[in-house]
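K.L.:
The structure follows.
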Amino acid sequence: MSDKQETTHFGYQNVAVEEKAAKVAEVFHSVAGKYDIMNDLMSGGVHRLWKRYTINKAGVKKGDKVLDLAGGTGDLAAKFARIVGPEGKVTLSDINESMLEEGRARLTNMGIAGNIDYVQADAEDLPFDDNSFDLVTMAFGLRNVTHKENALRSIFRTLKPGGKLMVLEFSKPVVPGLNVIYDHYSFKVLPFVGQVVANDAESYRYLAESIRMHPDQETLKGMMQEAGFENVSYHNMTGGIVALHTGYKF
């Protein structure tokens with residue numbers, strides 16, 4: 001039996017697999033209170049357009065059951081809760097307790113209640129029954145998962161036949177020359193803004209590194225297909241800085 005310890009990436013660092021979840025948790029415990037304002041500052045508000053496009057393409061209707069996985073402060077969950085109505089149900093789920101509580105407080109303050117549940121859960125091992133959801137969304141969360149293939153299989157299991165997964169995630173720029181500008185912003189500007197606004201440059205440096213370590217568009221498409229999803233496609237936004245991947249369970 002080998003004594004070699006299994007490792008994975010945490011940004012650009014190699015860490016033991018069993019340590020990654022705790023390290024990611026530290027990042028999001030640190031940034032939870034400033035998460036929304038930092039999203040606006042980091043993206044110039046464009047993250048709202050990316051999320052709006054995702055919601056518009058979701059095709060959610062009254063009575064649907066939706067899982068907003070790694071849902072953080074609840075941007076998507078809030079919109080879906082209003083669309084599905086009292087006949088439907090939205091589950092806002094996040095592995096990080098601080099982020100989940102921020103989401104609960106925010107949605108409660110918005111008057112959203114009755115058709116929403118809050119569940120702390122690991123995407124790799126979801127605590128939901130088979131065939132539970134019409135739609136699963138995961139916005140800017142998959143890149144933080146240690147074993148992405150496990151998460152995709154877990155999501156597939158919980159979707160109803162005919163259900164859809166939508167993964168909104170940072171990806172690889174496809175416009176010539178954009179990489180240079182994007183790298184400068186990510187590794188110079190972003191940590192500086194993180195230090196000034198959230199007093200935490202390191203967490204935002206990790207976020208930039210985690211984006212670079214995430215699979216590119218075609219690789220993630222293949223991973224979704226291997227997990228069982230069909231009709232998998234992706235739509236690049238902002239020159240490929242972000243991509244929306246969609247797949248179906250038939």
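Each chain in the structure tokens gets a letter, A, B, ..., in the order shown, and its residues are numbered from 1; ligands are numbered from 1 in order too.
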If you count only C-alpha atoms, which residues fall within 12 Å of A:Val232, apart from same-chain ones fewer than 4 positions away, as a ChimeraX atom specification?
P.N.:
/A:164-167,217-228,244-250
K.L.:
Using N, CA, C and O atoms, can you export the residues from the last selection as a CSV table (one decimal), in the first residue's frame?
P.N.:
chain,number,residue,atom,x,y,z
A,164,LYS,N,-32.6,19.8,-16.0
A,164,LYS,CA,-31.5,20.5,-16.6
A,164,LYS,C,-30.6,21.0,-15.5
A,164,LYS,O,-30.9,21.5,-14.5
A,165,LEU,N,-29.3,20.9,-15.9
A,165,LEU,CA,-28.2,21.6,-15.1
A,165,LEU,C,-27.7,22.8,-15.8
A,165,LEU,O,-27.4,22.7,-17.0
A,166,MET,N,-27.5,23.9,-15.1
A,166,MET,CA,-26.8,25.1,-15.7
A,166,MET,C,-25.7,25.4,-14.8
A,166,MET,O,-25.8,25.7,-13.6
A,167,VAL,N,-24.5,25.4,-15.3
A,167,VAL,CA,-23.2,25.8,-14.6
A,167,VAL,C,-22.7,27.1,-15.2
A,167,VAL,O,-22.3,27.2,-16.3
A,217,GLN,N,-13.7,25.4,-21.5
A,217,GLN,CA,-15.1,25.2,-21.9
A,217,GLN,C,-15.3,23.7,-22.5
A,217,GLN,O,-16.2,23.1,-22.1
A,218,GLU,N,-14.4,23.3,-23.3
A,218,GLU,CA,-14.6,22.0,-23.9
A,218,GLU,C,-14.3,20.9,-22.9
A,218,GLU,O,-15.0,19.8,-22.9
A,219,THR,N,-13.4,21.1,-22.0
A,219,THR,CA,-13.1,20.1,-21.0
A,219,THR,C,-14.3,19.9,-20.1
A,219,THR,O,-14.7,18.8,-19.7
A,220,LEU,N,-14.9,21.0,-19.6
A,220,LEU,CA,-16.0,20.9,-18.7
A,220,LEU,C,-17.2,20.3,-19.5
A,220,LEU,O,-17.9,19.5,-18.9
A,221,LYS,N,-17.4,20.6,-20.7
A,221,LYS,CA,-18.4,20.0,-21.5
A,221,LYS,C,-18.2,18.4,-21.5
A,221,LYS,O,-19.2,17.7,-21.3
A,222,GLY,N,-17.0,18.0,-21.7
A,222,GLY,CA,-16.7,16.5,-21.7
A,222,GLY,C,-17.0,15.9,-20.4
A,222,GLY,O,-17.5,14.8,-20.3
A,223,MET,N,-16.7,16.6,-19.3
A,223,MET,CA,-16.9,16.1,-17.9
A,223,MET,C,-18.4,15.9,-17.7
A,223,MET,O,-18.8,15.0,-17.1
A,224,MET,N,-19.2,16.9,-18.2
A,224,MET,CA,-20.6,16.8,-18.0
A,224,MET,C,-21.2,15.6,-18.8
A,224,MET,O,-22.1,14.9,-18.3
A,225,GLN,N,-20.7,15.4,-20.0
A,225,GLN,CA,-21.1,14.3,-20.8
A,225,GLN,C,-20.7,12.9,-20.1
A,225,GLN,O,-21.6,12.0,-20.1
A,226,GLU,N,-19.6,12.9,-19.5
A,226,GLU,CA,-19.1,11.7,-18.8
A,226,GLU,C,-20.0,11.4,-17.6
A,226,GLU,O,-20.2,10.2,-17.2
A,227,ALA,N,-20.5,12.4,-17.0
A,227,ALA,CA,-21.4,12.2,-15.8
A,227,ALA,C,-22.8,11.8,-16.2
A,227,ALA,O,-23.6,11.5,-15.3
A,228,GLY,N,-23.1,11.8,-17.5
A,228,GLY,CA,-24.4,11.3,-18.0
A,228,GLY,C,-25.3,12.3,-18.7
A,228,GLY,O,-26.3,12.0,-19.2
A,244,LEU,N,-21.6,29.8,-19.7
A,244,LEU,CA,-22.8,29.1,-19.2
A,244,LEU,C,-22.9,27.7,-19.8
A,244,LEU,O,-23.2,27.7,-21.0
A,245,HIS,N,-22.6,26.7,-19.1
A,245,HIS,CA,-22.8,25.3,-19.6
A,245,HIS,C,-24.2,24.8,-19.2
A,245,HIS,O,-24.6,24.9,-18.1
A,246,THR,N,-24.8,24.1,-20.2
A,246,THR,CA,-26.1,23.5,-19.9
A,246,THR,C,-26.1,22.1,-20.4
A,246,THR,O,-25.6,21.7,-21.4
A,247,GLY,N,-26.7,21.2,-19.6
A,247,GLY,CA,-26.9,19.8,-19.9
A,247,GLY,C,-28.2,19.2,-19.3
A,247,GLY,O,-28.7,19.8,-18.4
A,248,TYR,N,-28.6,18.2,-20.0
A,248,TYR,CA,-30.0,17.6,-19.6
A,248,TYR,C,-29.8,16.2,-19.2
A,248,TYR,O,-28.9,15.4,-19.6
A,249,LYS,N,-30.8,15.7,-18.3
A,249,LYS,CA,-30.9,14.3,-17.9
A,249,LYS,C,-32.1,13.8,-18.6
A,249,LYS,O,-33.2,14.2,-18.4
A,250,PHE,N,-31.9,12.8,-19.5
A,250,PHE,CA,-33.1,12.1,-20.2
A,250,PHE,C,-33.2,10.7,-19.7
A,250,PHE,O,-32.4,10.1,-19.0
K.L.:
Can you tell me, as a ChimeraX atom specification, what residues are no more than 10 Å from stretch 50-64 of chain A when counting only C-alpha atoms, ignoring any on the same chain fewer than 5 positions away?
P.N.:
/A:45,75-77,79-90,133-137,139,164-169,237-238,242-246
K.L.:
List every residue of stretch 39-129 of chain A that DSSP, applied to the backbone, labels as strand (DSSP E or B), and write the result as a ChimeraX atom specification.
P.N.:
/A:65-69,89-94,116-120
K.L.:
So that I have them on file, write out the residues from the current selection with all heavy atoms, as a CSV table (one decimal), in the first residue's frame.
P.N.:
chain,number,residue,atom,x,y,z
A,65,LYS,N,-39.4,22.6,-9.1
A,65,LYS,CA,-38.5,22.4,-7.9
A,65,LYS,C,-37.1,22.8,-8.4
A,65,LYS,O,-36.6,22.1,-9.4
A,65,LYS,CB,-38.5,21.0,-7.4
A,65,LYS,CG,-40.0,20.5,-7.0
A,65,LYS,CD,-40.4,21.2,-5.8
A,65,LYS,CE,-41.7,20.6,-5.3
A,65,LYS,NZ,-42.9,20.7,-6.2
A,66,VAL,N,-36.4,23.7,-7.8
A,66,VAL,CA,-35.1,24.2,-8.2
A,66,VAL,C,-34.1,24.1,-7.1
A,66,VAL,O,-34.4,24.4,-5.9
A,66,VAL,CB,-35.2,25.7,-8.6
A,66,VAL,CG1,-33.9,26.2,-9.0
A,66,VAL,CG2,-36.2,25.9,-9.8
A,67,LEU,N,-32.9,23.6,-7.4
A,67,LEU,CA,-31.8,23.6,-6.5
A,67,LEU,C,-30.8,24.6,-6.9
A,67,LEU,O,-30.2,24.5,-8.0
A,67,LEU,CB,-31.2,22.2,-6.4
A,67,LEU,CG,-29.8,22.1,-5.6
A,67,LEU,CD1,-30.0,22.5,-4.2
A,67,LEU,CD2,-29.3,20.7,-5.7
A,68,ASP,N,-30.5,25.6,-6.1
A,68,ASP,CA,-29.5,26.6,-6.4
A,68,ASP,C,-28.3,26.2,-5.6
A,68,ASP,O,-28.2,26.5,-4.4
A,68,ASP,CB,-29.9,28.0,-6.0
A,68,ASP,CG,-28.9,29.1,-6.4
A,68,ASP,OD1,-28.0,28.8,-7.2
A,68,ASP,OD2,-29.0,30.2,-5.8
A,69,LEU,N,-27.3,25.5,-6.2
A,69,LEU,CA,-26.2,24.8,-5.5
A,69,LEU,C,-25.0,25.8,-5.5
A,69,LEU,O,-24.7,26.5,-6.4
A,69,LEU,CB,-25.9,23.5,-6.3
A,69,LEU,CG,-24.9,22.6,-5.6
A,69,LEU,CD1,-25.3,22.1,-4.2
A,69,LEU,CD2,-24.7,21.4,-6.5
A,89,LYS,N,-40.8,25.1,-5.2
A,89,LYS,CA,-39.9,25.1,-4.1
A,89,LYS,C,-38.5,25.4,-4.6
A,89,LYS,O,-38.1,24.8,-5.6
A,89,LYS,CB,-39.9,23.8,-3.4
A,89,LYS,CG,-38.9,23.6,-2.2
A,89,LYS,CD,-39.3,24.5,-1.0
A,89,LYS,CE,-40.5,23.9,-0.3
A,89,LYS,NZ,-40.8,24.7,1.0
A,90,VAL,N,-37.8,26.3,-4.0
A,90,VAL,CA,-36.4,26.5,-4.3
A,90,VAL,C,-35.5,26.1,-3.0
A,90,VAL,O,-35.9,26.5,-1.9
A,90,VAL,CB,-36.1,28.0,-4.6
A,90,VAL,CG1,-34.6,28.3,-4.8
A,90,VAL,CG2,-36.9,28.4,-5.8
A,91,THR,N,-34.5,25.4,-3.3
A,91,THR,CA,-33.6,25.0,-2.2
A,91,THR,C,-32.3,25.8,-2.5
A,91,THR,O,-31.6,25.6,-3.5
A,91,THR,CB,-33.3,23.5,-2.2
A,91,THR,OG1,-34.5,22.8,-2.0
A,91,THR,CG2,-32.3,23.1,-1.1
A,92,LEU,N,-31.9,26.6,-1.5
A,92,LEU,CA,-30.6,27.3,-1.6
A,92,LEU,C,-29.6,26.5,-0.8
A,92,LEU,O,-29.8,26.3,0.4
A,92,LEU,CB,-30.8,28.7,-1.0
A,92,LEU,CG,-29.5,29.6,-0.8
A,92,LEU,CD1,-28.7,29.7,-2.1
A,92,LEU,CD2,-29.8,30.9,-0.3
A,93,SER,N,-28.6,26.1,-1.4
A,93,SER,CA,-27.6,25.2,-0.8
A,93,SER,C,-26.2,25.7,-0.9
A,93,SER,O,-25.9,26.2,-2.0
A,93,SER,CB,-27.7,23.7,-1.3
A,93,SER,OG,-26.8,22.9,-0.7
A,94,ASP,N,-25.4,25.6,0.1
A,94,ASP,CA,-24.0,26.0,0.0
A,94,ASP,C,-23.3,25.1,1.1
A,94,ASP,O,-23.8,24.8,2.1
A,94,ASP,CB,-23.8,27.5,0.3
A,94,ASP,CG,-22.5,28.0,-0.2
A,94,ASP,OD1,-21.5,27.7,0.3
A,94,ASP,OD2,-22.6,28.8,-1.2
A,116,ILE,N,-39.0,28.4,0.1
A,116,ILE,CA,-37.5,28.3,0.0
A,116,ILE,C,-37.0,27.6,1.2
A,116,ILE,O,-37.4,27.8,2.3
A,116,ILE,CB,-36.8,29.7,-0.2
A,116,ILE,CG1,-35.3,29.5,-0.5
A,116,ILE,CG2,-37.1,30.6,1.0
A,116,ILE,CD1,-34.7,30.7,-1.2
A,117,ASP,N,-36.1,26.6,1.0
A,117,ASP,CA,-35.4,25.9,2.0
A,117,ASP,C,-33.9,26.3,2.0
A,117,ASP,O,-33.3,26.6,0.9
A,117,ASP,CB,-35.5,24.4,1.8
A,117,ASP,CG,-36.9,23.9,2.1
A,117,ASP,OD1,-37.6,24.5,2.9
A,117,ASP,OD2,-37.3,22.9,1.5
A,118,TYR,N,-33.2,26.1,3.1
A,118,TYR,CA,-31.7,26.4,3.2
A,118,TYR,C,-31.1,25.1,3.7
A,118,TYR,O,-31.4,24.6,4.7
A,118,TYR,CB,-31.5,27.5,4.1
A,118,TYR,CG,-32.1,28.8,3.7
A,118,TYR,CD1,-33.4,29.1,4.2
A,118,TYR,CD2,-31.5,29.7,2.8
A,118,TYR,CE1,-34.1,30.3,3.8
A,118,TYR,CE2,-32.2,30.9,2.5
A,118,TYR,CZ,-33.4,31.2,2.9
A,118,TYR,OH,-34.1,32.3,2.5
A,119,VAL,N,-30.1,24.6,2.9
A,119,VAL,CA,-29.5,23.3,3.2
A,119,VAL,C,-28.0,23.4,3.0
A,119,VAL,O,-27.5,23.7,1.9
A,119,VAL,CB,-30.0,22.2,2.3
A,119,VAL,CG1,-29.3,20.9,2.7
A,119,VAL,CG2,-31.5,22.0,2.5
A,120,GLN,N,-27.3,23.2,4.1
A,120,GLN,CA,-25.8,23.2,4.0
A,120,GLN,C,-25.4,21.8,3.5
A,120,GLN,O,-25.7,20.8,4.1
A,120,GLN,CB,-25.2,23.4,5.4
A,120,GLN,CG,-23.6,23.6,5.3
A,120,GLN,CD,-23.0,24.0,6.7
A,120,GLN,OE1,-23.7,24.2,7.6
A,120,GLN,NE2,-21.7,24.0,6.7
K.L.:
Which one of A:Ser154, A:Leu178, A:Leu41, A:Asp130 sits closest to A:Ala198 if you count only C-alpha atoms?
P.N.:
A:Leu41
K.L.:
Considering only C-alpha atoms, can you say which of A:Pro191, A:Asn131, A:Gly114, A:Glu124 comes closest to A:Leu159?
P.N.:
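Residue with the minimum atom-to-atom distance to A:Leu159: A:Asn131.
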K.L.:
So how far away is atom CA of A:Gln195 from atom CA of A:Leu142, in Å?
P.N.:
24.6 Å
K.L.:
Taking only C-alpha atoms into account, name the residue in A:Leu152, A:Ala70, A:Ala123, A:Ile241 that is nearest to A:Asp183.
P.N.:
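Using only C-alpha atoms, A:Asp183 sits closest to A:Ile241.
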K.L.:
Of the candidates A:Met138, A:Leu126, A:Leu49, A:Leu100, which shows the shortest atom-to-atom distance to A:Asn150, using only C-alpha atoms?
P.N.:
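Closest residue, counting only C-alpha atoms: A:Leu126.
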K.L.:
Please compute the atom CA of A:Val196-atom CA of A:Asp36 distance, one decimal, in Å.
P.N.:
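Computing the Euclidean distance for atom CA of A:Val196 and atom CA of A:Asp36 yields 15.0 Å.
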K.L.:
Rounded to one decimal in Å, what is the spacing between atom CA of A:Met213 and atom CA of A:Glu101?
P.N.:
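The value is 27.9 Å.
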K.L.:
With only C-alpha atoms as the counted atoms, please give the residues lying no more than 10 Å from A:Asn179, apart from itself and same-chain residues fewer than 6 positions off, as a PyMOL selection string.
P.N.:
chain A and resi 172-173+185+239+241
